[in-house]
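One file, query20.txt, is given below (compact mmCIF, C-alpha atoms).
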# COMPACT_ATOMS: atom_id res chain seq x y z
CA MET Y 1339 23.10 21.76 8.77
CA ALA Y 1340 23.54 19.24 11.59
CA ALA Y 1341 26.69 19.28 13.66
CA THR Y 1342 28.84 16.21 13.15
CA SER Y 1343 28.48 15.26 16.83
CA ASP Y 1344 24.69 14.94 16.64
CA PRO Y 1345 23.43 11.34 16.78
CA PRO Y 1346 21.68 10.07 13.64
CA VAL Y 1347 17.89 10.44 13.60
CA ALA Y 1348 15.69 7.66 12.22
CA ALA Y 1349 13.52 8.50 9.21
CA VAL Y 1350 10.49 6.89 10.85
CA ALA Y 1351 9.58 6.25 14.47
CA VAL Y 1352 6.68 5.43 16.77
CA THR Y 1353 7.63 6.61 20.23
CA THR Y 1354 6.36 7.65 23.65
CA ASP Y 1355 9.03 10.37 23.73
CA VAL Y 1356 8.23 14.06 23.27
CA LEU Y 1357 8.66 15.02 19.58
CA ASP Y 1358 11.17 17.74 18.80
CA VAL Y 1359 10.73 19.34 15.36
CA THR Y 1360 14.35 20.52 15.22
CA VAL Y 1361 15.72 17.07 15.97
CA ILE Y 1362 13.42 15.31 13.49
CA ALA Y 1363 14.23 17.83 10.74
CA ARG Y 1364 17.86 16.75 11.16
CA ALA Y 1365 16.93 13.36 9.71
CA VAL Y 1366 16.42 15.03 6.32
CA GLU Y 1367 18.79 17.99 6.41
CA ALA Y 1368 22.12 16.37 7.08
CA GLY Y 1369 24.60 17.70 4.59
CA GLN Y 1370 22.73 17.78 1.27
CA PRO Y 1371 24.11 20.80 -0.58
CA GLY Y 1372 21.49 20.41 -3.31
CA ASP Y 1373 18.60 21.05 -0.93
CA GLY Y 1374 16.72 24.28 -1.31
CA ALA Y 1375 13.84 23.68 1.10
CA VAL Y 1376 12.90 21.95 4.32
CA VAL Y 1377 9.21 21.86 5.27
CA THR Y 1378 8.15 20.71 8.72
CA PHE Y 1379 4.67 19.89 9.98
CA ALA Y 1380 3.63 19.29 13.57
CA GLY Y 1381 0.17 17.97 14.42
CA LEU Y 1382 -0.91 19.21 17.85
CA VAL Y 1383 -3.47 18.06 20.41
CA ARG Y 1384 -6.31 20.58 20.20
CA ASP Y 1385 -8.58 21.53 23.10
CA HIS Y 1386 -11.79 21.05 21.13
CA ASN Y 1387 -13.24 18.55 18.67
CA LEU Y 1388 -16.78 18.19 17.29
CA GLY Y 1389 -18.04 20.68 19.83
CA ARG Y 1390 -16.50 18.81 22.76
CA ALA Y 1391 -13.99 20.27 25.22
CA VAL Y 1392 -11.02 17.92 24.91
CA LEU Y 1393 -9.00 17.23 28.06
CA PHE Y 1394 -6.25 15.01 26.64
CA LEU Y 1395 -5.68 12.27 24.07
CA GLU Y 1396 -4.45 8.73 24.43
CA TYR Y 1397 -2.73 7.20 21.38
CA GLU Y 1398 -2.29 3.49 20.77
CA ALA Y 1399 -0.40 1.78 17.93
CA TYR Y 1400 0.15 -1.65 16.49
CA GLU Y 1401 3.78 -0.71 16.60
CA PRO Y 1402 5.57 -3.10 14.23
CA LEU Y 1403 2.98 -2.53 11.51
CA ALA Y 1404 2.82 1.22 12.19
CA VAL Y 1405 6.57 1.52 11.63
CA LYS Y 1406 6.27 -0.43 8.37
CA ALA Y 1407 3.36 1.75 7.24
CA LEU Y 1408 5.35 4.93 7.96
CA GLN Y 1409 8.25 3.52 5.95
CA ARG Y 1410 5.84 2.70 3.15
CA ILE Y 1411 4.73 6.35 3.08
CA VAL Y 1412 8.37 7.47 2.87
CA ASP Y 1413 8.88 5.11 -0.08
CA GLU Y 1414 5.67 6.22 -1.82
CA ALA Y 1415 6.68 9.87 -1.47
CA ARG Y 1416 10.10 9.10 -2.94
CA ASP Y 1417 8.40 7.53 -5.95
CA ALA Y 1418 6.16 10.57 -6.43
CA TRP Y 1419 8.78 13.25 -5.68
CA PRO Y 1420 12.19 11.68 -6.29
CA SER Y 1421 14.09 14.74 -5.09
CA ALA Y 1422 12.26 14.81 -1.72
CA ARG Y 1423 13.29 13.03 1.48
CA LEU Y 1424 10.92 12.53 4.40
CA ALA Y 1425 11.07 11.89 8.12
CA LEU Y 1426 7.92 10.83 9.96
CA HIS Y 1427 7.70 10.44 13.73
CA HIS Y 1428 4.43 9.63 15.54
CA ARG Y 1429 4.05 9.83 19.28
CA ILE Y 1430 1.87 7.43 21.30
CA GLY Y 1431 0.71 7.28 24.92
CA THR Y 1432 -1.03 10.10 26.80
CA LEU Y 1433 -0.67 13.54 25.20
CA GLN Y 1434 -1.75 16.83 26.74
CA ILE Y 1435 -3.28 19.82 24.92
CA GLY Y 1436 -0.68 21.57 22.79
CA GLU Y 1437 1.70 18.62 22.54
CA ALA Y 1438 2.78 17.31 19.15
CA SER Y 1439 1.37 13.90 18.18
CA ILE Y 1440 3.14 13.80 14.83
CA VAL Y 1441 6.06 15.57 13.22
CA ILE Y 1442 6.90 15.36 9.53
CA ALA Y 1443 9.96 16.86 7.86
CA ALA Y 1444 10.46 16.98 4.10
CA ALA Y 1445 13.58 18.22 2.33
CA SER Y 1446 13.93 18.80 -1.38
CA ALA Y 1447 15.76 20.83 -3.98
CA HIS Y 1448 12.65 22.97 -4.42
CA ARG Y 1449 9.85 24.07 -2.11
CA VAL Y 1450 7.03 22.71 -4.27
CA ASP Y 1451 8.18 19.11 -3.83
CA ALA Y 1452 8.95 19.55 -0.14
CA PHE Y 1453 5.48 20.96 0.59
CA ALA Y 1454 3.81 18.28 -1.53
CA ALA Y 1455 5.70 15.38 0.07
CA CYS Y 1456 4.90 16.72 3.54
CA ARG Y 1457 1.20 17.12 2.79
CA TYR Y 1458 1.04 13.71 1.11
CA ALA Y 1459 2.60 12.12 4.18
CA ILE Y 1460 0.04 13.45 6.67
CA GLU Y 1461 -2.86 12.46 4.42
CA ARG Y 1462 -1.45 8.92 4.07
CA VAL Y 1463 -0.82 8.65 7.83
CA LYS Y 1464 -4.52 9.25 8.35
CA GLN Y 1465 -5.33 6.56 5.77
CA ILE Y 1466 -3.03 3.62 6.44
CA VAL Y 1467 -1.04 3.83 9.69
CA PRO Y 1468 -2.46 1.59 12.47
CA ILE Y 1469 -2.61 4.19 15.22
CA TRP Y 1470 -5.73 5.18 17.14
CA LYS Y 1471 -6.60 8.05 19.44
CA ARG Y 1472 -8.96 7.93 22.36
CA GLU Y 1473 -10.36 11.35 23.08
CA HIS Y 1474 -10.95 12.18 26.72
CA PHE Y 1475 -13.39 15.07 26.91
CA GLU Y 1476 -15.50 16.70 29.57
CA GLY Y 1477 -18.06 14.04 30.41
CA GLY Y 1478 -16.51 10.96 28.85
CA ASP Y 1479 -14.16 9.39 26.37
CA THR Y 1480 -14.38 7.79 22.94
CA TRP Y 1481 -12.12 6.09 20.40
CA LEU Y 1482 -11.99 8.10 17.19
CA GLU Y 1483 -12.25 6.13 13.95
CA GLY Y 1484 -11.32 7.46 10.53
CA ALA Y 1485 -10.29 5.45 7.50
CA VAL Y 1486 -10.37 1.68 7.06
CA ALA Y 1487 -6.67 1.05 6.49
CA ASP Y 1488 -5.90 -0.51 3.11
CA PRO Y 1489 -2.50 0.38 1.67
CA ASP Y 1490 -3.46 -1.22 -1.66
CA ASP Y 1491 -6.46 1.06 -2.14
CA ALA Y 1492 -5.26 2.98 -5.21
CA GLU Y 1493 -8.13 5.44 -5.01
CA ALA Y 1494 -7.16 6.53 -1.48
CA ARG Y 1495 -3.54 6.92 -2.54
CA GLU Y 1496 -4.55 9.03 -5.53
CA LYS Y 1497 -6.72 11.18 -3.30
CA ALA Y 1498 -3.74 11.86 -1.01
CA HIS Y 1499 -1.67 12.71 -4.07
CA ARG Y 1500 -4.32 15.11 -5.37
CA ILE Y 1501 -4.53 16.90 -2.02
CA ALA Y 1502 -0.73 17.13 -1.91
CA CYS Y 1503 -0.60 18.79 -5.31
CA ALA Y 1504 -3.61 21.08 -4.86
CA MET E 1060 -2.76 -25.03 15.67
CA ARG E 1061 -2.43 -22.15 18.04
CA VAL E 1062 -2.47 -18.50 16.97
CA THR E 1063 -2.29 -15.21 18.84
CA VAL E 1064 -5.02 -12.65 18.20
CA ARG E 1065 -4.26 -8.95 18.73
CA LEU E 1066 -7.02 -6.38 19.13
CA PHE E 1067 -6.76 -2.61 19.24
CA ALA E 1068 -8.71 0.47 20.27
CA ARG E 1069 -12.47 -0.16 20.45
CA LEU E 1070 -12.15 -3.80 19.38
CA LYS E 1071 -9.91 -4.33 22.39
CA ASP E 1072 -12.44 -2.65 24.67
CA LEU E 1073 -15.34 -4.68 23.29
CA ALA E 1074 -13.50 -7.99 23.69
CA GLY E 1075 -12.01 -6.97 27.03
CA ALA E 1076 -8.53 -8.09 25.96
CA SER E 1077 -5.73 -6.88 23.73
CA GLU E 1078 -4.28 -10.33 23.16
CA LEU E 1079 -5.95 -13.75 23.04
CA ALA E 1080 -4.78 -17.25 22.21
CA ARG E 1081 -6.93 -19.26 19.82
CA GLU E 1082 -6.92 -22.95 18.88
CA LEU E 1083 -7.95 -23.31 15.25
CA PRO E 1084 -8.00 -26.23 12.83
CA ASP E 1085 -5.02 -26.48 10.48
CA GLY E 1086 -5.56 -24.43 7.36
CA ALA E 1087 -7.91 -21.98 9.07
CA THR E 1088 -7.99 -18.43 7.74
CA ALA E 1089 -7.95 -15.04 9.45
CA GLU E 1090 -11.71 -15.04 8.93
CA ALA E 1091 -12.04 -18.23 11.01
CA ALA E 1092 -10.19 -16.52 13.86
CA TRP E 1093 -12.54 -13.53 13.50
CA ARG E 1094 -15.63 -15.76 13.53
CA SER E 1095 -14.54 -17.37 16.77
CA LEU E 1096 -14.17 -13.92 18.33
CA VAL E 1097 -17.57 -12.73 17.12
CA HIS E 1098 -19.11 -15.94 18.44
CA GLU E 1099 -17.95 -14.98 21.94
CA THR E 1100 -18.44 -11.22 21.58
CA PRO E 1101 -21.26 -10.55 19.10
CA ALA E 1102 -20.79 -6.75 19.33
CA LEU E 1103 -17.52 -7.16 17.41
CA GLY E 1104 -19.61 -8.13 14.38
CA ASP E 1105 -20.45 -4.46 13.78
CA TYR E 1106 -16.86 -3.98 12.60
CA GLU E 1107 -16.93 -6.66 9.94
CA LYS E 1108 -17.34 -4.21 7.07
CA ALA E 1109 -15.03 -1.59 8.54
CA MET E 1110 -11.81 -3.11 9.68
CA SER E 1111 -8.42 -4.25 8.47
CA VAL E 1112 -6.55 -7.45 9.18
CA ALA E 1113 -2.84 -8.10 9.55
CA VAL E 1114 -0.95 -11.38 9.79
CA ASN E 1115 2.46 -11.30 11.46
CA ALA E 1116 2.44 -7.49 11.31
CA GLU E 1117 1.77 -7.26 7.56
CA TYR E 1118 -1.55 -6.11 6.10
CA ALA E 1119 -3.47 -9.13 4.82
CA ARG E 1120 -6.96 -10.17 3.70
CA MET E 1121 -9.58 -12.11 5.62
CA ASN E 1122 -8.96 -15.18 3.43
CA ALA E 1123 -5.26 -15.30 4.39
CA PRO E 1124 -4.34 -18.78 5.66
CA LEU E 1125 -2.91 -18.94 9.18
CA HIS E 1126 -0.13 -21.15 10.47
CA ASP E 1127 0.79 -22.39 13.91
CA GLY E 1128 2.36 -19.57 15.92
CA ASP E 1129 1.02 -16.77 13.69
CA GLU E 1130 -0.15 -13.44 15.08
CA VAL E 1131 -3.37 -12.17 13.52
CA ALA E 1132 -4.46 -8.61 14.28
CA PHE E 1133 -7.86 -7.00 13.71
CA LEU E 1134 -7.75 -3.24 13.26
CA PRO E 1135 -10.69 -0.83 13.52
CA PRO E 1136 -10.61 2.30 11.32
CA VAL E 1137 -7.43 4.21 12.09
CA SER E 1138 -7.21 7.71 13.59
CA GLY E 1139 -3.55 8.63 13.78
CA GLY E 1140 -2.08 12.03 13.11

Show me the file's structure as structure tokens.
Amino acid sequence: MAATSDPPVAAVAVTTDVLDVTVIARAVEAGQPGDGAVVTFAGLVRDHNLGRAVLFLEYEAYEPLAVKALQRIVDEARDAWPSARLALHHRIGTLQIGEASIVIAAASAHRVDAFAACRYAIERVKQIVPIWKREHFEGGDTWLEGAVADPDDAEAREKAHRIACA
Amino acid sequence: MRVTVRLFARLKDLAGASELARELPDGATAEAAWRSLVHETPALGDYEKAMSVAVNAEYARMNAPLHDGDEVAFLPPVSGG
């Protein structure tokens, strides 16, 4: 449980600051005696991708919309798993190998919902949050492109839900 | 009317700018703003079937009407996480 002197932690954030799993978990663990589980996920910058030796990544966001999209994911997860609470922080700027680009914390009365909400959140981030990474590898750099963001695409949302409950 | 166009990631690189001002006729849509960009930078046209649009930092559709002072953003496929 968080000490009373700790500053409050926002549920969602897009930041250039280093992400600290312990601090972000505090956003969901503060004084809920009914909680039985906290799940945390950290996405790290990996030194290889598609056979390329990655040197570092550069993340860019459309910040005001990215914050809204993260909040939307928190709200969607609450609809799907009412007992679960989420915190979602995404880092932007230049990130070195091994650094965390995203940290998700999910608290719930039971582990099943906490794991599911956490997994749902990372799948939805990859679908609808306007953030991009430019991969700098040995010999060049390239913007990576994944999903065409459409929060109203029910099929994508159901897919994330299926993965979360698998 | 005058609107601000925001571009990100590869769209920004292709256009050579992250922010552009555009004069458009009253009642113009996000699509009209996009057309004017593609007219100047034809390579952007490749993204037509694979991008998202936002007006004033809310997801929108290409047929969304724009108003003086609006910010319209064109977003290539996302790759966060």

Å distance separating CA of Leu1073 (chain E) from CA of Arg1094 (chain E), one decimal place: 14.8 Å

Between E:Asn1122, E:Thr1088, E:Ser1111, E:Thr1100, which one has atoms that come closest to chain Y, using only C-alpha atoms?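 Of the candidates, the smallest distance to chain Y is held by E:Ser1111.
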
Closest contacts (chain Y/chain E, max 9 Å, all atoms listed in the file) as a Markdown table:
| residue | atom | partner | partner_atom | distance |
| --- | --- | --- | --- | --- |
| Y:Gly1381 | CA | E:Gly1140 | CA | 6.5 |
| Y:Leu1382 | CA | E:Gly1140 | CA | 8.7 |
| Y:Tyr1397 | CA | E:Gly1139 | CA | 7.8 |
| Y:Glu1398 | CA | E:Ala1068 | CA | 7.1 |
| Y:Ala1399 | CA | E:Phe1067 | CA | 7.8 |
| Y:Tyr1400 | CA | E:Phe1067 | CA | 7.5 |
| Y:Glu1401 | CA | E:Ala1116 | CA | 8.7 |
| Y:Pro1402 | CA | E:Ala1116 | CA | 6.1 |
| Y:Leu1403 | CA | E:Ala1116 | CA | 5.0 |
| Y:Ala1404 | CA | E:Ala1116 | CA | 8.8 |
| Y:Lys1406 | CA | E:Glu1117 | CA | 8.2 |
| Y:His1428 | CA | E:Gly1140 | CA | 7.4 |
| Y:Arg1429 | CA | E:Gly1140 | CA | 9.0 |
| Y:Ser1439 | CA | E:Gly1140 | CA | 6.4 |
| Y:Ile1440 | CA | E:Gly1140 | CA | 5.8 |
| Y:Val1441 | CA | E:Gly1140 | CA | 8.9 |
| Y:Ile1460 | CA | E:Gly1140 | CA | 6.9 |
| Y:Glu1461 | CA | E:Gly1140 | CA | 8.7 |
| Y:Val1463 | CA | E:Gly1140 | CA | 6.4 |
| Y:Lys1464 | CA | E:Gly1139 | CA | 5.6 |
| Y:Gln1465 | CA | E:Val1137 | CA | 7.1 |
| Y:Ile1466 | CA | E:Val1137 | CA | 7.2 |
| Y:Val1467 | CA | E:Gly1139 | CA | 6.8 |
| Y:Pro1468 | CA | E:Val1137 | CA | 5.6 |
| Y:Ile1469 | CA | E:Gly1139 | CA | 4.8 |
| Y:Trp1470 | CA | E:Ser1138 | CA | 4.6 |
| Y:Lys1471 | CA | E:Ser1138 | CA | 5.9 |
| Y:Arg1472 | CA | E:Ala1068 | CA | 7.8 |
| Y:Thr1480 | CA | E:Arg1069 | CA | 8.5 |
| Y:Trp1481 | CA | E:Arg1069 | CA | 6.3 |
| Y:Leu1482 | CA | E:Ser1138 | CA | 6.0 |
| Y:Glu1483 | CA | E:Pro1136 | CA | 4.9 |
| Y:Gly1484 | CA | E:Ser1138 | CA | 5.1 |
| Y:Ala1485 | CA | E:Pro1136 | CA | 5.0 |
| Y:Val1486 | CA | E:Pro1136 | CA | 4.3 |
| Y:Ala1487 | CA | E:Ser1111 | CA | 5.9 |
| Y:Asp1488 | CA | E:Ser1111 | CA | 7.0 |
| Y:Pro1489 | CA | E:Tyr1118 | CA | 7.9 |

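For the pair CA of Arg1500 (chain Y) and CA of Ala1454 (chain Y), the interatomic distance is 9.5 Å.
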
Which value, in Å to one decimal, gives the distance between CA of Gly1369 (chain Y) and CA of Ala1438 (chain Y)? 26.2 Å

Could the centre and edge lengths of an axis-aligned box, enclosing all atoms of region 1065-1082 of chain E in the file with 3 Å extra on each side, be given in Å to one decimal as JSON?
{"center_x": -9.8, "center_y": -11.2, "center_z": 22.9, "size_x": 17.1, "size_y": 29.4, "size_z": 14.3}

Between Y:Val1376, Y:Ala1349, Y:Arg1384, Y:Val1405, single out the one closest to His1474 (chain Y), counting all atoms listed in the file.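 Among Y:Val1376, Y:Ala1349, Y:Arg1384, Y:Val1405, it is Y:Arg1384 that comes nearest to His1474 (chain Y).
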
Env of Leu1125 (chain E): 7 Å cut, atoms = all atoms listed in the file, seq-sep filter 6 positions within chain, self excluded. Answer as a PyMOL selection string. chain E and resi 1086-1089

Selection as a list in words: residues within 10 Å of (12.1, 23.3, -3.9), counting only C-alpha atoms: Gly1372, Asp1373, Gly1374, Ala1375, Val1376, Val1377, Ser1421, Ala1422, Ala1445, Ser1446, Ala1447, His1448, Arg1449, Val1450, Asp1451, Ala1452, Phe1453 and Ala1454 of chain Y
